[in-house]
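The data block below is input-v3.cif; it holds mmCIF, N, CA and C atoms.
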```cif
data_run
loop_
_atom_site.label_atom_id
_atom_site.label_comp_id
_atom_site.auth_asym_id
_atom_site.auth_seq_id
_atom_site.Cartn_x
_atom_site.Cartn_y
_atom_site.Cartn_z
N MET A 1 -26.33 16.02 41.90
CA MET A 1 -25.09 16.77 41.89
C MET A 1 -25.39 18.27 41.80
N ARG A 2 -24.72 19.04 42.62
CA ARG A 2 -24.91 20.48 42.59
C ARG A 2 -24.32 21.04 41.31
N GLU A 3 -25.02 21.96 40.68
CA GLU A 3 -24.61 22.53 39.40
C GLU A 3 -24.09 23.95 39.51
N SER A 4 -24.08 24.52 40.74
CA SER A 4 -23.62 25.90 40.89
C SER A 4 -23.01 26.09 42.27
N VAL A 5 -22.26 27.16 42.39
CA VAL A 5 -21.64 27.57 43.65
C VAL A 5 -22.01 29.03 43.87
N GLN A 6 -22.47 29.35 45.07
CA GLN A 6 -22.84 30.71 45.42
C GLN A 6 -22.15 31.10 46.71
N ALA A 7 -21.84 32.37 46.85
CA ALA A 7 -21.28 32.90 48.10
C ALA A 7 -21.61 34.38 48.17
N GLU A 8 -21.70 34.88 49.38
CA GLU A 8 -21.87 36.33 49.57
C GLU A 8 -20.66 36.85 50.34
N VAL A 9 -20.09 37.91 49.83
CA VAL A 9 -18.89 38.51 50.41
C VAL A 9 -19.17 40.00 50.62
N MET A 10 -18.72 40.52 51.73
CA MET A 10 -18.79 41.97 51.94
C MET A 10 -17.52 42.58 51.35
N MET A 11 -17.71 43.56 50.47
CA MET A 11 -16.59 44.25 49.84
C MET A 11 -16.69 45.73 50.14
N SER A 12 -15.55 46.39 50.10
CA SER A 12 -15.53 47.85 50.21
C SER A 12 -15.56 48.44 48.81
N PHE A 13 -16.51 49.33 48.58
CA PHE A 13 -16.58 50.08 47.33
C PHE A 13 -15.77 51.35 47.58
N LEU A 14 -14.62 51.45 46.92
CA LEU A 14 -13.70 52.58 47.15
C LEU A 14 -14.06 53.71 46.20
N VAL A 15 -14.81 54.67 46.70
CA VAL A 15 -15.26 55.80 45.90
C VAL A 15 -14.11 56.77 45.66
N SER A 16 -13.31 57.02 46.69
CA SER A 16 -12.13 57.87 46.60
C SER A 16 -11.17 57.44 47.70
N GLU A 17 -10.04 58.12 47.81
CA GLU A 17 -9.10 57.79 48.89
C GLU A 17 -9.71 58.01 50.27
N ASP A 18 -10.65 58.95 50.35
CA ASP A 18 -11.25 59.29 51.63
C ASP A 18 -12.63 58.67 51.87
N LEU A 19 -13.23 58.10 50.85
CA LEU A 19 -14.60 57.62 50.98
C LEU A 19 -14.74 56.19 50.45
N SER A 20 -15.26 55.32 51.31
CA SER A 20 -15.58 53.96 50.89
C SER A 20 -16.75 53.48 51.74
N PHE A 21 -17.47 52.51 51.22
CA PHE A 21 -18.52 51.90 52.03
C PHE A 21 -18.64 50.43 51.67
N ARG A 22 -19.11 49.64 52.63
CA ARG A 22 -19.20 48.20 52.46
C ARG A 22 -20.53 47.82 51.82
N ILE A 23 -20.45 46.89 50.88
CA ILE A 23 -21.64 46.42 50.19
C ILE A 23 -21.59 44.90 50.08
N PRO A 24 -22.75 44.25 50.04
CA PRO A 24 -22.76 42.81 49.80
C PRO A 24 -22.58 42.52 48.31
N VAL A 25 -21.77 41.52 48.03
CA VAL A 25 -21.52 41.10 46.66
C VAL A 25 -21.75 39.60 46.58
N GLU A 26 -22.61 39.20 45.67
CA GLU A 26 -22.87 37.78 45.45
C GLU A 26 -21.89 37.26 44.41
N LEU A 27 -21.20 36.17 44.75
CA LEU A 27 -20.32 35.50 43.81
C LEU A 27 -21.06 34.26 43.32
N GLY A 28 -21.03 34.04 42.02
CA GLY A 28 -21.73 32.90 41.47
C GLY A 28 -20.92 32.19 40.40
N TYR A 29 -21.10 30.89 40.34
CA TYR A 29 -20.43 30.06 39.35
C TYR A 29 -21.39 28.94 38.97
N GLU A 30 -21.50 28.67 37.67
CA GLU A 30 -22.40 27.63 37.19
C GLU A 30 -21.65 26.67 36.29
N ALA A 31 -21.90 25.38 36.49
CA ALA A 31 -21.23 24.36 35.69
C ALA A 31 -21.58 24.48 34.21
N CYS A 32 -22.76 25.03 33.90
CA CYS A 32 -23.16 25.17 32.50
C CYS A 32 -22.38 26.28 31.79
N ASP A 33 -21.70 27.13 32.53
CA ASP A 33 -20.84 28.18 31.98
C ASP A 33 -19.51 28.10 32.72
N PRO A 34 -18.74 27.03 32.48
CA PRO A 34 -17.61 26.69 33.36
C PRO A 34 -16.42 27.63 33.33
N TYR A 35 -16.35 28.53 32.37
CA TYR A 35 -15.21 29.43 32.31
C TYR A 35 -15.43 30.74 33.07
N ALA A 36 -16.66 31.03 33.46
CA ALA A 36 -17.00 32.35 33.99
C ALA A 36 -17.41 32.33 35.46
N VAL A 37 -17.13 33.44 36.13
CA VAL A 37 -17.69 33.72 37.44
C VAL A 37 -18.54 34.98 37.28
N ARG A 38 -19.52 35.13 38.17
CA ARG A 38 -20.38 36.31 38.14
C ARG A 38 -20.33 36.97 39.51
N LEU A 39 -20.17 38.28 39.48
CA LEU A 39 -20.21 39.07 40.71
C LEU A 39 -21.39 40.02 40.58
N THR A 40 -22.31 39.94 41.53
CA THR A 40 -23.47 40.83 41.53
C THR A 40 -23.31 41.80 42.68
N PHE A 41 -23.20 43.08 42.34
CA PHE A 41 -22.97 44.15 43.31
C PHE A 41 -24.30 44.78 43.68
N HIS A 42 -24.53 44.92 44.98
CA HIS A 42 -25.75 45.53 45.49
C HIS A 42 -25.40 46.91 46.05
N LEU A 43 -25.46 47.91 45.16
CA LEU A 43 -25.14 49.28 45.57
C LEU A 43 -26.39 49.95 46.13
N PRO A 44 -26.24 50.69 47.21
CA PRO A 44 -27.40 51.34 47.83
C PRO A 44 -28.14 52.24 46.83
N GLY A 45 -29.45 52.07 46.76
CA GLY A 45 -30.28 52.93 45.93
C GLY A 45 -30.28 52.56 44.46
N ASP A 46 -29.52 51.57 44.04
CA ASP A 46 -29.47 51.16 42.64
C ASP A 46 -29.90 49.71 42.50
N ALA A 47 -30.29 49.35 41.30
CA ALA A 47 -30.57 47.94 41.00
C ALA A 47 -29.25 47.17 41.04
N PRO A 48 -29.29 45.90 41.39
CA PRO A 48 -28.06 45.11 41.39
C PRO A 48 -27.41 45.12 40.01
N VAL A 49 -26.10 45.09 40.00
CA VAL A 49 -25.32 45.08 38.75
C VAL A 49 -24.47 43.81 38.75
N THR A 50 -24.56 43.04 37.66
CA THR A 50 -23.80 41.80 37.56
C THR A 50 -22.72 41.92 36.49
N TRP A 51 -21.52 41.49 36.87
CA TRP A 51 -20.40 41.42 35.94
C TRP A 51 -20.00 39.95 35.82
N ALA A 52 -19.77 39.50 34.60
CA ALA A 52 -19.26 38.16 34.36
C ALA A 52 -17.89 38.28 33.73
N PHE A 53 -16.95 37.48 34.23
CA PHE A 53 -15.62 37.45 33.64
C PHE A 53 -14.97 36.11 33.95
N GLY A 54 -13.81 35.88 33.40
CA GLY A 54 -13.15 34.59 33.49
C GLY A 54 -12.79 34.17 34.91
N ARG A 55 -13.13 32.93 35.23
CA ARG A 55 -12.76 32.38 36.54
C ARG A 55 -11.25 32.40 36.70
N GLU A 56 -10.53 32.10 35.63
CA GLU A 56 -9.07 32.07 35.70
C GLU A 56 -8.49 33.45 36.01
N LEU A 57 -9.13 34.51 35.53
CA LEU A 57 -8.69 35.87 35.85
C LEU A 57 -8.78 36.12 37.36
N LEU A 58 -9.86 35.68 37.98
CA LEU A 58 -10.02 35.86 39.42
C LEU A 58 -8.99 35.01 40.18
N ILE A 59 -8.78 33.79 39.72
CA ILE A 59 -7.79 32.91 40.36
C ILE A 59 -6.41 33.55 40.29
N ASP A 60 -5.99 33.96 39.11
CA ASP A 60 -4.66 34.54 38.93
C ASP A 60 -4.52 35.88 39.65
N GLY A 61 -5.60 36.67 39.65
CA GLY A 61 -5.55 38.00 40.24
C GLY A 61 -5.38 38.03 41.75
N VAL A 62 -5.69 36.93 42.41
CA VAL A 62 -5.48 36.85 43.86
C VAL A 62 -3.98 36.92 44.18
N GLY A 63 -3.15 36.39 43.28
CA GLY A 63 -1.72 36.32 43.54
C GLY A 63 -0.86 37.34 42.83
N ARG A 64 -1.38 37.88 41.71
CA ARG A 64 -0.59 38.86 40.94
C ARG A 64 -1.54 39.72 40.11
N PRO A 65 -1.11 40.92 39.73
CA PRO A 65 -1.97 41.77 38.92
C PRO A 65 -2.31 41.10 37.59
N CYS A 66 -3.59 41.07 37.26
CA CYS A 66 -4.05 40.41 36.03
C CYS A 66 -5.17 41.22 35.39
N GLY A 67 -5.33 41.02 34.12
CA GLY A 67 -6.45 41.60 33.40
C GLY A 67 -6.05 42.77 32.53
N GLU A 68 -6.78 42.88 31.45
CA GLU A 68 -6.65 44.01 30.55
C GLU A 68 -8.06 44.46 30.20
N GLY A 69 -8.22 45.72 29.94
CA GLY A 69 -9.53 46.17 29.54
C GLY A 69 -10.46 46.44 30.70
N ASP A 70 -11.66 45.88 30.64
CA ASP A 70 -12.74 46.23 31.56
C ASP A 70 -12.59 45.67 32.98
N VAL A 71 -11.89 44.55 33.13
CA VAL A 71 -11.78 43.90 34.44
C VAL A 71 -10.31 43.66 34.76
N ARG A 72 -9.91 44.14 35.94
CA ARG A 72 -8.55 43.92 36.43
C ARG A 72 -8.64 43.48 37.88
N VAL A 73 -7.83 42.49 38.22
CA VAL A 73 -7.81 41.94 39.58
C VAL A 73 -6.37 41.89 40.03
N SER A 74 -6.12 42.30 41.28
CA SER A 74 -4.75 42.28 41.80
C SER A 74 -4.76 42.22 43.32
N PRO A 75 -3.66 41.69 43.88
CA PRO A 75 -3.54 41.75 45.34
C PRO A 75 -3.42 43.22 45.76
N ALA A 76 -3.96 43.55 46.93
CA ALA A 76 -3.91 44.93 47.41
C ALA A 76 -2.53 45.29 47.95
N GLY A 77 -1.72 44.30 48.27
CA GLY A 77 -0.38 44.53 48.79
C GLY A 77 0.47 43.31 48.56
N SER A 78 1.57 43.23 49.24
CA SER A 78 2.48 42.10 49.05
C SER A 78 2.05 40.86 49.82
N ASP A 79 1.12 40.99 50.76
CA ASP A 79 0.64 39.86 51.55
C ASP A 79 -0.42 39.09 50.76
N LEU A 80 -0.10 37.85 50.34
CA LEU A 80 -1.02 37.06 49.52
C LEU A 80 -2.34 36.78 50.21
N LEU A 81 -2.36 36.70 51.52
CA LEU A 81 -3.61 36.43 52.21
C LEU A 81 -4.28 37.69 52.74
N GLY A 82 -3.86 38.83 52.22
CA GLY A 82 -4.45 40.10 52.63
C GLY A 82 -5.74 40.37 51.90
N ASP A 83 -5.73 41.41 51.09
CA ASP A 83 -6.92 41.81 50.34
C ASP A 83 -6.66 41.73 48.85
N VAL A 84 -7.75 41.70 48.10
CA VAL A 84 -7.69 41.70 46.65
C VAL A 84 -8.50 42.90 46.15
N LEU A 85 -8.01 43.52 45.08
CA LEU A 85 -8.69 44.65 44.44
C LEU A 85 -9.31 44.19 43.13
N ILE A 86 -10.54 44.60 42.89
CA ILE A 86 -11.23 44.30 41.63
C ILE A 86 -11.64 45.63 41.03
N ARG A 87 -11.08 45.94 39.86
CA ARG A 87 -11.37 47.20 39.17
C ARG A 87 -12.21 46.89 37.93
N LEU A 88 -13.38 47.53 37.85
CA LEU A 88 -14.30 47.36 36.73
C LEU A 88 -14.41 48.69 36.00
N GLN A 89 -14.36 48.64 34.68
CA GLN A 89 -14.36 49.88 33.92
C GLN A 89 -15.29 49.77 32.72
N VAL A 90 -16.07 50.84 32.52
CA VAL A 90 -16.92 50.98 31.34
C VAL A 90 -16.63 52.35 30.78
N GLY A 91 -16.03 52.39 29.60
CA GLY A 91 -15.64 53.67 29.02
C GLY A 91 -14.70 54.39 29.96
N GLY A 92 -15.01 55.64 30.30
CA GLY A 92 -14.19 56.42 31.21
C GLY A 92 -14.55 56.23 32.68
N ASP A 93 -15.63 55.51 32.95
CA ASP A 93 -16.07 55.29 34.33
C ASP A 93 -15.47 54.00 34.87
N GLN A 94 -15.07 54.05 36.14
CA GLN A 94 -14.55 52.84 36.76
C GLN A 94 -15.01 52.75 38.20
N ALA A 95 -15.01 51.52 38.70
CA ALA A 95 -15.36 51.26 40.10
C ALA A 95 -14.29 50.33 40.66
N LEU A 96 -13.89 50.61 41.89
CA LEU A 96 -12.85 49.82 42.55
C LEU A 96 -13.43 49.21 43.82
N PHE A 97 -13.23 47.89 43.96
CA PHE A 97 -13.74 47.15 45.10
C PHE A 97 -12.57 46.44 45.78
N ARG A 98 -12.66 46.36 47.11
CA ARG A 98 -11.62 45.69 47.89
C ARG A 98 -12.30 44.62 48.74
N SER A 99 -11.71 43.42 48.73
CA SER A 99 -12.25 42.31 49.50
C SER A 99 -11.13 41.57 50.19
N SER A 100 -11.46 40.96 51.29
CA SER A 100 -10.54 40.05 51.92
C SER A 100 -10.30 38.89 50.95
N THR A 101 -9.09 38.41 50.88
CA THR A 101 -8.75 37.34 49.95
C THR A 101 -9.35 36.00 50.38
N ALA A 102 -9.44 35.75 51.69
CA ALA A 102 -9.88 34.44 52.18
C ALA A 102 -11.23 33.98 51.62
N PRO A 103 -12.29 34.82 51.63
CA PRO A 103 -13.57 34.32 51.10
C PRO A 103 -13.54 34.12 49.58
N ILE A 104 -12.71 34.88 48.89
CA ILE A 104 -12.57 34.70 47.44
C ILE A 104 -11.92 33.33 47.17
N ILE A 105 -10.86 33.03 47.92
CA ILE A 105 -10.18 31.74 47.74
C ILE A 105 -11.12 30.59 48.11
N ALA A 106 -11.90 30.75 49.17
CA ALA A 106 -12.86 29.70 49.56
C ALA A 106 -13.88 29.47 48.45
N PHE A 107 -14.38 30.53 47.86
CA PHE A 107 -15.33 30.43 46.75
C PHE A 107 -14.67 29.71 45.57
N LEU A 108 -13.46 30.14 45.20
CA LEU A 108 -12.77 29.52 44.07
C LEU A 108 -12.47 28.05 44.32
N ASP A 109 -12.18 27.70 45.56
CA ASP A 109 -11.94 26.30 45.90
C ASP A 109 -13.21 25.48 45.66
N ARG A 110 -14.35 26.03 46.02
CA ARG A 110 -15.62 25.34 45.80
C ARG A 110 -15.93 25.19 44.31
N THR A 111 -15.57 26.22 43.49
CA THR A 111 -15.79 26.09 42.05
C THR A 111 -14.90 25.00 41.47
N ASP A 112 -13.69 24.87 42.02
CA ASP A 112 -12.76 23.85 41.53
C ASP A 112 -13.25 22.45 41.88
N LYS A 113 -13.95 22.31 42.99
CA LYS A 113 -14.52 21.01 43.34
C LYS A 113 -15.67 20.64 42.38
N LEU A 114 -16.40 21.65 41.92
CA LEU A 114 -17.50 21.41 40.98
C LEU A 114 -16.95 21.13 39.58
N VAL A 115 -16.07 22.00 39.09
CA VAL A 115 -15.44 21.83 37.79
C VAL A 115 -13.96 22.13 37.97
N PRO A 116 -13.12 21.09 38.03
CA PRO A 116 -11.69 21.33 38.22
C PRO A 116 -11.10 22.21 37.12
N LEU A 117 -10.22 23.11 37.52
CA LEU A 117 -9.56 24.00 36.58
C LEU A 117 -8.85 23.17 35.51
N GLY A 118 -9.07 23.54 34.26
CA GLY A 118 -8.48 22.80 33.15
C GLY A 118 -9.41 21.76 32.55
N GLN A 119 -10.52 21.48 33.23
CA GLN A 119 -11.47 20.48 32.72
C GLN A 119 -12.76 21.11 32.22
N GLU A 120 -12.76 22.41 32.03
CA GLU A 120 -13.96 23.11 31.57
C GLU A 120 -14.39 22.64 30.18
N ALA A 121 -13.43 22.45 29.29
CA ALA A 121 -13.76 22.07 27.91
C ALA A 121 -14.45 20.72 27.86
N ALA A 122 -14.03 19.79 28.69
CA ALA A 122 -14.66 18.47 28.71
C ALA A 122 -16.12 18.59 29.12
N LEU A 123 -16.40 19.46 30.07
CA LEU A 123 -17.77 19.66 30.51
C LEU A 123 -18.58 20.33 29.41
N ALA A 124 -18.01 21.32 28.75
CA ALA A 124 -18.71 22.00 27.66
C ALA A 124 -19.02 21.01 26.54
N ASP A 125 -18.09 20.12 26.20
CA ASP A 125 -18.32 19.11 25.17
C ASP A 125 -19.44 18.16 25.59
N PHE A 126 -19.47 17.79 26.86
CA PHE A 126 -20.53 16.92 27.37
C PHE A 126 -21.88 17.57 27.17
N ASP A 127 -21.99 18.85 27.49
CA ASP A 127 -23.26 19.56 27.32
C ASP A 127 -23.69 19.59 25.87
N THR A 128 -22.73 19.79 24.96
CA THR A 128 -23.05 19.82 23.53
C THR A 128 -23.58 18.47 23.09
N HIS A 129 -22.91 17.39 23.50
CA HIS A 129 -23.36 16.04 23.13
C HIS A 129 -24.71 15.73 23.74
N LEU A 130 -24.95 16.15 24.95
CA LEU A 130 -26.24 15.92 25.60
C LEU A 130 -27.34 16.65 24.84
N ASP A 131 -27.11 17.90 24.47
CA ASP A 131 -28.11 18.66 23.70
C ASP A 131 -28.40 17.98 22.37
N GLU A 132 -27.36 17.50 21.68
CA GLU A 132 -27.57 16.82 20.40
C GLU A 132 -28.38 15.54 20.59
N ALA A 133 -28.06 14.78 21.64
CA ALA A 133 -28.80 13.54 21.91
C ALA A 133 -30.26 13.83 22.22
N LEU A 134 -30.51 14.85 23.04
CA LEU A 134 -31.90 15.21 23.37
C LEU A 134 -32.66 15.67 22.13
N ASP A 135 -32.01 16.43 21.26
CA ASP A 135 -32.65 16.87 20.01
C ASP A 135 -33.02 15.67 19.14
N ARG A 136 -32.13 14.68 19.03
CA ARG A 136 -32.42 13.48 18.26
C ARG A 136 -33.60 12.72 18.85
N ILE A 137 -33.62 12.56 20.17
CA ILE A 137 -34.70 11.83 20.83
C ILE A 137 -36.04 12.52 20.59
N LEU A 138 -36.05 13.86 20.76
CA LEU A 138 -37.29 14.62 20.54
C LEU A 138 -37.76 14.52 19.10
N ALA A 139 -36.82 14.59 18.14
CA ALA A 139 -37.17 14.50 16.73
C ALA A 139 -37.75 13.13 16.41
N GLU A 140 -37.17 12.06 16.99
CA GLU A 140 -37.67 10.70 16.77
C GLU A 140 -39.07 10.54 17.35
N GLU A 141 -39.30 11.10 18.53
CA GLU A 141 -40.62 11.01 19.16
C GLU A 141 -41.66 11.76 18.35
N GLN A 142 -41.30 12.92 17.82
CA GLN A 142 -42.25 13.71 17.03
C GLN A 142 -42.58 13.02 15.70
N SER A 143 -41.59 12.39 15.08
CA SER A 143 -41.84 11.71 13.81
C SER A 143 -42.63 10.40 14.02
N ALA A 144 -42.47 9.78 15.19
CA ALA A 144 -43.20 8.55 15.49
C ALA A 144 -44.65 8.82 15.89
N GLY A 145 -44.89 10.03 16.46
CA GLY A 145 -46.22 10.33 17.00
C GLY A 145 -47.03 11.09 16.08
#
```

Can the structure in the file be given as structure tokens, please?
Amino acid sequence: MRESVQAEVMMSFLVSEDLSFRIPVELGYEACDPYAVRLTFHLPGDAPVTWAFGRELLIDGVGRPCGEGDVRVSPAGSDLLGDVLIRLQVGGDQALFRSSTAPIIAFLDRTDKLVPLGQEAALADFDTHLDEALDRILAEEQSAG
């Protein structure tokens, strides 16, 4: 069974109203961290930068403005299948990215096939029980040997 979902999307990095450039952004999702998505931005001349935030924020942000604080996601206009804006902020610095909605929705659909929305807690509980069982097995083997 596949444990992760990956996709690469070209996004526009909106530097100002007059200046933007396209960059590749890797979208990632892992079943071992079922509540989060990761976006890795490859800015020219810089090391890649990864942001992790709630999968549900990205899902909701495709259809309506969402988020408080460091990450905000919203549709770029009234057309739901148009573009989505992702605003990232650290202190007084912020970066704004624009992407077509279609590849974001395709990525989110694949994450839902791996871990259906609303079933994240069951998966997290499974991992906890598995870790406890493995710890018991290892402890028994060490005490027997």

Return the single residue from A:Gly118, A:Gly67, A:Pro24, A:Gly82 that is closest to Leu43 of chain A, with distances computed using all atoms listed in the file. A:Pro24

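Here the PyMOL selection byres ((chain A and resi 100) around 5) captures the residues Gly82, Asp83, Val84, Arg98, Ser99, Thr101, Ala102 and Pro103 of chain A.
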
Residue selection dump (N, CA and C atoms) as a compact mmCIF listing (two decimals), in the frame of the given file:
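Output (again_14.txt):
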```txt
# COMPACT_ATOMS: atom_id res chain seq x y z
N GLY A 82 -3.86 38.83 52.22
CA GLY A 82 -4.45 40.10 52.63
C GLY A 82 -5.74 40.37 51.90
N ASP A 83 -5.73 41.41 51.09
CA ASP A 83 -6.92 41.81 50.34
C ASP A 83 -6.66 41.73 48.85
N VAL A 84 -7.75 41.70 48.10
CA VAL A 84 -7.69 41.70 46.65
C VAL A 84 -8.50 42.90 46.15
N ARG A 98 -12.66 46.36 47.11
CA ARG A 98 -11.62 45.69 47.89
C ARG A 98 -12.30 44.62 48.74
N SER A 99 -11.71 43.42 48.73
CA SER A 99 -12.25 42.31 49.50
C SER A 99 -11.13 41.57 50.19
N THR A 101 -9.09 38.41 50.88
CA THR A 101 -8.75 37.34 49.95
C THR A 101 -9.35 36.00 50.38
N ALA A 102 -9.44 35.75 51.69
CA ALA A 102 -9.88 34.44 52.18
C ALA A 102 -11.23 33.98 51.62
N PRO A 103 -12.29 34.82 51.63
CA PRO A 103 -13.57 34.32 51.10
C PRO A 103 -13.54 34.12 49.58
```

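You will find atom C of Ala106 of chain A at 15.1 Å from atom N of Thr40 of chain A.
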
Taking the chain letters and numbering used in this document, name the residues of chain A that DSSP puts in helix (DSSP H, G or I), as JSON, numbers by chain. {"A": [55, 56, 57, 58, 59, 60, 61, 62, 63, 101, 102, 103, 104, 105, 106, 107, 108, 109, 110, 111, 112, 113, 114, 120, 121, 122, 123, 124, 125, 126, 127, 128, 129, 130, 131, 132, 133, 134, 135, 136, 137, 138, 139, 140, 141, 142, 143, 144]}

How about saving the chosen residues, N, CA and C atoms kept, as a tab-separated table (two decimals), in the coordinates of the input?
```
chain	number	residue	atom	x	y	z
A	55	ARG	N	-13.13	32.93	35.23
A	55	ARG	CA	-12.76	32.38	36.54
A	55	ARG	C	-11.25	32.40	36.70
A	56	GLU	N	-10.53	32.10	35.63
A	56	GLU	CA	-9.07	32.07	35.70
A	56	GLU	C	-8.49	33.45	36.01
A	57	LEU	N	-9.13	34.51	35.53
A	57	LEU	CA	-8.69	35.87	35.85
A	57	LEU	C	-8.78	36.12	37.36
A	58	LEU	N	-9.86	35.68	37.98
A	58	LEU	CA	-10.02	35.86	39.42
A	58	LEU	C	-8.99	35.01	40.18
A	59	ILE	N	-8.78	33.79	39.72
A	59	ILE	CA	-7.79	32.91	40.36
A	59	ILE	C	-6.41	33.55	40.29
A	60	ASP	N	-5.99	33.96	39.11
A	60	ASP	CA	-4.66	34.54	38.93
A	60	ASP	C	-4.52	35.88	39.65
A	61	GLY	N	-5.60	36.67	39.65
A	61	GLY	CA	-5.55	38.00	40.24
A	61	GLY	C	-5.38	38.03	41.75
A	62	VAL	N	-5.69	36.93	42.41
A	62	VAL	CA	-5.48	36.85	43.86
A	62	VAL	C	-3.98	36.92	44.18
A	63	GLY	N	-3.15	36.39	43.28
A	63	GLY	CA	-1.72	36.32	43.54
A	63	GLY	C	-0.86	37.34	42.83
A	101	THR	N	-9.09	38.41	50.88
A	101	THR	CA	-8.75	37.34	49.95
A	101	THR	C	-9.35	36.00	50.38
A	102	ALA	N	-9.44	35.75	51.69
A	102	ALA	CA	-9.88	34.44	52.18
A	102	ALA	C	-11.23	33.98	51.62
A	103	PRO	N	-12.29	34.82	51.63
A	103	PRO	CA	-13.57	34.32	51.10
A	103	PRO	C	-13.54	34.12	49.58
A	104	ILE	N	-12.71	34.88	48.89
A	104	ILE	CA	-12.57	34.70	47.44
A	104	ILE	C	-11.92	33.33	47.17
A	105	ILE	N	-10.86	33.03	47.92
A	105	ILE	CA	-10.18	31.74	47.74
A	105	ILE	C	-11.12	30.59	48.11
A	106	ALA	N	-11.90	30.75	49.17
A	106	ALA	CA	-12.86	29.70	49.56
A	106	ALA	C	-13.88	29.47	48.45
A	107	PHE	N	-14.38	30.53	47.86
A	107	PHE	CA	-15.33	30.43	46.75
A	107	PHE	C	-14.67	29.71	45.57
A	108	LEU	N	-13.46	30.14	45.20
A	108	LEU	CA	-12.77	29.52	44.07
A	108	LEU	C	-12.47	28.05	44.32
A	109	ASP	N	-12.18	27.70	45.56
A	109	ASP	CA	-11.94	26.30	45.90
A	109	ASP	C	-13.21	25.48	45.66
A	110	ARG	N	-14.35	26.03	46.02
A	110	ARG	CA	-15.62	25.34	45.80
A	110	ARG	C	-15.93	25.19	44.31
A	111	THR	N	-15.57	26.22	43.49
A	111	THR	CA	-15.79	26.09	42.05
A	111	THR	C	-14.90	25.00	41.47
A	112	ASP	N	-13.69	24.87	42.02
A	112	ASP	CA	-12.76	23.85	41.53
A	112	ASP	C	-13.25	22.45	41.88
A	113	LYS	N	-13.95	22.31	42.99
A	113	LYS	CA	-14.52	21.01	43.34
A	113	LYS	C	-15.67	20.64	42.38
A	114	LEU	N	-16.40	21.65	41.92
A	114	LEU	CA	-17.50	21.41	40.98
A	114	LEU	C	-16.95	21.13	39.58
A	120	GLU	N	-12.76	22.41	32.03
A	120	GLU	CA	-13.96	23.11	31.57
A	120	GLU	C	-14.39	22.64	30.18
A	121	ALA	N	-13.43	22.45	29.29
A	121	ALA	CA	-13.76	22.07	27.91
A	121	ALA	C	-14.45	20.72	27.86
A	122	ALA	N	-14.03	19.79	28.69
A	122	ALA	CA	-14.66	18.47	28.71
A	122	ALA	C	-16.12	18.59	29.12
A	123	LEU	N	-16.40	19.46	30.07
A	123	LEU	CA	-17.77	19.66	30.51
A	123	LEU	C	-18.58	20.33	29.41
A	124	ALA	N	-18.01	21.32	28.75
A	124	ALA	CA	-18.71	22.00	27.66
A	124	ALA	C	-19.02	21.01	26.54
A	125	ASP	N	-18.09	20.12	26.20
A	125	ASP	CA	-18.32	19.11	25.17
A	125	ASP	C	-19.44	18.16	25.59
A	126	PHE	N	-19.47	17.79	26.86
A	126	PHE	CA	-20.53	16.92	27.37
A	126	PHE	C	-21.88	17.57	27.17
A	127	ASP	N	-21.99	18.85	27.49
A	127	ASP	CA	-23.26	19.56	27.32
A	127	ASP	C	-23.69	19.59	25.87
A	128	THR	N	-22.73	19.79	24.96
A	128	THR	CA	-23.05	19.82	23.53
A	128	THR	C	-23.58	18.47	23.09
A	129	HIS	N	-22.91	17.39	23.50
A	129	HIS	CA	-23.36	16.04	23.13
A	129	HIS	C	-24.71	15.73	23.74
A	130	LEU	N	-24.95	16.15	24.95
A	130	LEU	CA	-26.24	15.92	25.60
A	130	LEU	C	-27.34	16.65	24.84
A	131	ASP	N	-27.11	17.90	24.47
A	131	ASP	CA	-28.11	18.66	23.70
A	131	ASP	C	-28.40	17.98	22.37
A	132	GLU	N	-27.36	17.50	21.68
A	132	GLU	CA	-27.57	16.82	20.40
A	132	GLU	C	-28.38	15.54	20.59
A	133	ALA	N	-28.06	14.78	21.64
A	133	ALA	CA	-28.80	13.54	21.91
A	133	ALA	C	-30.26	13.83	22.22
A	134	LEU	N	-30.51	14.85	23.04
A	134	LEU	CA	-31.90	15.21	23.37
A	134	LEU	C	-32.66	15.67	22.13
A	135	ASP	N	-32.01	16.43	21.26
A	135	ASP	CA	-32.65	16.87	20.01
A	135	ASP	C	-33.02	15.67	19.14
A	136	ARG	N	-32.13	14.68	19.03
A	136	ARG	CA	-32.42	13.48	18.26
A	136	ARG	C	-33.60	12.72	18.85
A	137	ILE	N	-33.62	12.56	20.17
A	137	ILE	CA	-34.70	11.83	20.83
A	137	ILE	C	-36.04	12.52	20.59
A	138	LEU	N	-36.05	13.86	20.76
A	138	LEU	CA	-37.29	14.62	20.54
A	138	LEU	C	-37.76	14.52	19.10
A	139	ALA	N	-36.82	14.59	18.14
A	139	ALA	CA	-37.17	14.50	16.73
A	139	ALA	C	-37.75	13.13	16.41
A	140	GLU	N	-37.17	12.06	16.99
A	140	GLU	CA	-37.67	10.70	16.77
A	140	GLU	C	-39.07	10.54	17.35
A	141	GLU	N	-39.30	11.10	18.53
A	141	GLU	CA	-40.62	11.01	19.16
A	141	GLU	C	-41.66	11.76	18.35
A	142	GLN	N	-41.30	12.92	17.82
A	142	GLN	CA	-42.25	13.71	17.03
A	142	GLN	C	-42.58	13.02	15.70
A	143	SER	N	-41.59	12.39	15.08
A	143	SER	CA	-41.84	11.71	13.81
A	143	SER	C	-42.63	10.40	14.02
A	144	ALA	N	-42.47	9.78	15.19
A	144	ALA	CA	-43.20	8.55	15.49
A	144	ALA	C	-44.65	8.82	15.89
```

If you count all atoms listed in the file, which residues fall within 7 Å of Leu14 of chain A, apart from same-chain ones fewer than 2 positions away, as a PyMOL selection string? chain A and resi 11-12+16-17+19-21+95-98

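Going from atom N of Ile137 of chain A over to atom C of Ser4 of chain A, you cover 28.0 Å.
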
Taking the file above as input, evaluate the PyMOL selection byres (((chain A and resi 70 and name CA) around 12) and name CA) and report the hits as a VMD selection string. chain A and resid 51 to 54 57 66 to 69 71 to 73 86 to 96

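Atom C of Ser74 of chain A to atom N of Glu3 of chain A spans 28.8 Å [interatomic distance, one decimal].
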